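Source file: run.txt. Holds: compact mmCIF, C-alpha atoms.
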# COMPACT_ATOMS: atom_id res chain seq x y z
CA MET A 260 23.07 -5.02 26.77
CA LYS A 261 26.03 -7.30 27.42
CA LYS A 262 28.38 -4.37 26.87
CA PHE A 263 26.54 -2.29 29.47
CA LYS A 264 26.62 -5.12 31.97
CA ARG A 265 30.31 -5.78 31.30
CA ASN A 266 31.15 -2.09 31.80
CA LEU A 267 29.02 -2.05 34.92
CA TYR A 268 30.85 -5.06 36.32
CA GLU A 269 34.22 -3.53 35.45
CA ASN A 270 33.22 -0.38 37.34
CA LEU A 271 32.30 -2.53 40.34
CA VAL A 272 35.62 -4.38 40.25
CA SER A 273 37.60 -1.14 39.85
CA GLY A 274 35.82 0.40 42.82
CA ALA A 275 34.08 3.11 40.79
CA LEU A 276 30.73 1.69 41.95
CA THR A 277 29.58 0.26 45.23
CA LYS A 278 27.74 -3.07 45.33
CA GLU A 279 24.51 -1.19 45.95
CA GLU A 280 25.06 1.08 42.95
CA PHE A 281 26.01 -1.92 40.82
CA ALA A 282 22.81 -3.75 41.80
CA GLN A 283 20.69 -0.66 41.15
CA TYR A 284 22.20 0.04 37.71
CA LYS A 285 22.03 -3.61 36.73
CA GLN A 286 18.35 -3.70 37.64
CA GLU A 287 17.69 -0.51 35.63
CA TYR A 288 19.57 -1.81 32.57
CA THR A 289 17.76 -5.13 32.75
CA ALA A 290 14.36 -3.41 33.02
CA LYS A 291 15.13 -1.12 30.06
CA ALA A 292 16.34 -4.04 27.97
CA GLU A 293 13.16 -5.98 28.78
CA ASP A 294 11.01 -2.97 27.81
CA ILE A 295 12.86 -2.73 24.49
CA ARG A 296 12.44 -6.47 23.85
CA ALA A 297 8.71 -6.19 24.61
CA ALA A 298 8.32 -3.19 22.28
CA ILE A 299 10.14 -5.00 19.48
CA GLN A 300 7.98 -8.10 19.98
CA SER A 301 4.83 -5.97 19.96
CA TRP A 302 5.83 -4.32 16.67
CA ASN A 303 6.75 -7.66 15.16
CA ASP A 304 3.38 -9.10 16.21
CA LYS A 305 1.53 -6.12 14.73
CA LEU A 306 3.52 -6.37 11.51
CA THR A 307 2.85 -10.10 11.22
CA GLU A 308 -0.84 -9.53 11.94
CA ALA A 309 -1.04 -6.85 9.26
CA LEU A 310 0.85 -8.93 6.71
CA GLU A 311 -1.24 -12.03 7.42
CA ASN A 312 -4.47 -10.02 7.55
CA ARG A 313 -5.52 -11.47 10.91
CA GLY A 314 -6.70 -8.25 12.52
CA ASP A 315 -10.39 -7.31 12.53
CA ARG A 316 -9.49 -3.87 11.20
CA ASN A 317 -7.85 -5.50 8.18
CA ARG A 318 -10.70 -7.77 7.15
CA TRP A 319 -11.36 -5.33 4.33
CA VAL A 320 -8.42 -6.89 2.49
CA ASN A 321 -10.49 -10.05 2.00
CA HIS A 322 -13.04 -7.87 0.24
CA PHE A 323 -10.41 -7.14 -2.43
CA LEU A 324 -8.81 -10.58 -2.47
CA GLN A 325 -11.99 -12.23 -3.70
CA PHE A 326 -11.38 -10.45 -7.01
CA SER A 327 -7.65 -11.14 -7.32
CA GLU A 328 -8.05 -13.91 -9.91
CA MET A 329 -10.63 -12.16 -12.06
CA GLU A 330 -9.47 -11.03 -15.48
CA ASP A 331 -12.55 -9.06 -16.54
CA ILE A 332 -14.39 -6.32 -14.71
CA ASP A 333 -18.10 -6.81 -14.21
CA ARG A 334 -20.78 -4.59 -12.70
CA GLY A 335 -20.75 -6.44 -9.37
CA MET A 336 -17.01 -5.97 -8.97
CA VAL A 337 -17.27 -2.25 -9.70
CA ALA A 338 -20.13 -1.85 -7.23
CA ARG A 339 -18.20 -3.60 -4.44
CA LEU A 340 -14.74 -2.10 -5.02
CA ILE A 341 -15.30 1.46 -6.26
CA GLN A 342 -16.84 4.23 -4.23
CA SER A 343 -16.83 6.88 -6.96
CA ILE A 344 -15.49 7.70 -10.40
CA VAL A 345 -15.00 11.34 -11.37
CA ILE A 346 -14.22 12.46 -14.92
CA ASN A 347 -12.51 15.85 -14.73
CA ALA A 348 -12.71 18.70 -17.23
CA ASP A 349 -9.24 17.81 -18.53
CA LYS A 350 -10.58 14.29 -19.21
CA SER A 351 -8.49 12.74 -16.43
CA ILE A 352 -10.24 10.19 -14.26
CA ASP A 353 -10.16 9.99 -10.46
CA ILE A 354 -11.23 6.68 -8.97
CA ARG A 355 -12.02 6.50 -5.24
CA PHE A 356 -11.98 2.92 -4.01
CA ASN A 357 -13.91 1.58 -1.05
CA TYR A 358 -11.54 1.13 1.90
CA GLN A 359 -8.95 3.40 0.28
CA ASP A 360 -8.16 5.06 3.63
CA GLU A 361 -7.71 1.69 5.33
CA TYR A 362 -5.38 0.58 2.56
CA GLN A 363 -3.26 3.72 2.88
CA ARG A 364 -3.06 3.32 6.68
CA ALA A 365 -1.95 -0.30 6.26
CA VAL A 366 0.76 0.70 3.80
CA MET A 367 2.02 3.44 6.14
CA PHE A 368 2.05 1.02 9.09
CA ILE A 369 4.02 -1.59 7.16
CA GLU A 370 6.53 1.00 5.93
CA ARG A 371 7.00 2.40 9.43
CA ALA A 372 7.40 -1.06 10.96
CA SER A 373 9.91 -2.04 8.28
CA GLU A 374 11.96 1.10 8.93
CA GLU A 375 11.96 0.42 12.67
CA ARG A 376 13.02 -3.17 12.11
CA ARG A 377 15.96 -2.00 10.02
CA ALA A 378 16.93 0.50 12.74
CA VAL A 379 17.18 -2.26 15.37
I need this file expressed as structure tokens, please.
Amino acid sequence: MKKFKRNLYENLVSGALTKEEFAQYKQEYTAKAEDIRAAIQSWNDKLTEALENRGDRNRWVNHFLQFSEMEDIDRGMVARLIQSIVINADKSIDIRFNYQDEYQRAVMFIERASEERRAV
């Protein structure tokens, strides 16, 4: 942003821009920079919310966290965490967890936010 403003000022001083054009471009650059700052802050807030599990949509994480210290699986845990277990003909097992879609969306959101943070 400083580079744009410096170039803008240099163009004013050199006579390439009028004062009116300078004021207009400066206002546009400032507005765009503020929009970018707001977008970055919004993404950072969403990322923090997701990581800290503050959002209502992410309350499901608490459902899993209550079992994080358990070393043995009991019937109650299976009933609360697992939606279905399928044993295939080749004897492989597919386990579908409750909230599996929410978990995958959270992982994708965090990955996307991390990539955007690195790009800035």
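Here atom CA of Ala298 of chain A stands at a distance of 13.4 Å from atom CA of Ala378 of chain A.
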What does the distance between atom CA of Asn270 of chain A and atom CA of Tyr288 of chain A come to in Å, to one decimal place?
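That distance, rounded to one decimal, is 14.5 Å.
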Nearest residue to Glu374 of chain A out of A:Ser327, A:Gln359, A:Asn303, A:Asn321, using only C-alpha atoms?
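With only C-alpha atoms as the atom set, the closest residue is A:Asn303.
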From atom CA of Lys264 of chain A to atom CA of Ala282 of chain A the spacing works out at 10.6 Å
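Proximity of A:Phe368, A:Phe326, A:Phe356, A:Trp302 to Ile341 of chain A, computed with all atoms listed in the file, is greatest for A:Phe356.
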Output as JSON the centre and edge lengths (Å, one decimal) of the box along x, y and z of the file that holds every listed atom of segment 292-298 of chain A after adding 5 Å on each side.
{"center_x": 12.3, "center_y": -4.6, "center_z": 25.5, "size_x": 18.0, "size_y": 13.7, "size_z": 16.5}
Within 10 Å of Glu370 of chain A using only C-alpha atoms, minus same-chain residues under 6 positions, as a PDB file with C-alpha atoms, in the frame of the given file:
ATOM      1  CA  LEU A 306       3.520  -6.370  11.510  1.00  0.00           C
ATOM      2  CA  ARG A 364      -3.060   3.320   6.680  1.00  0.00           C
ATOM      3  CA  ARG A 376      13.020  -3.170  12.110  1.00  0.00           C
TER       4      ARG A 376
END
Among listed residues A:Leu267, A:Gly335, A:Arg355, A:Arg371, nearest Gln283 of chain A (using all atoms listed in the file):
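Under the stated criterion, the closest residue is A:Leu267.
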Which one of A:Ile299, A:Val366, A:Leu324, A:Ala275 sits closest to Arg339 of chain A if you count all atoms listed in the file?
A:Leu324
Residue with smallest distance to Glu308 of chain A - pool A:Ile369, A:Ile332, A:Gln363, A:Arg377, counting only C-alpha atoms
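Among A:Ile369, A:Ile332, A:Gln363, A:Arg377, it is A:Ile369 that comes nearest to Glu308 of chain A.
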Rank nothing, just name the residue among A:Ser373, A:Gln300, A:Ser343, A:Gln286 nearest to Tyr358 of chain A, using all atoms listed in the file.
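Distance minimum relative to Tyr358 of chain A lands on A:Ser343.
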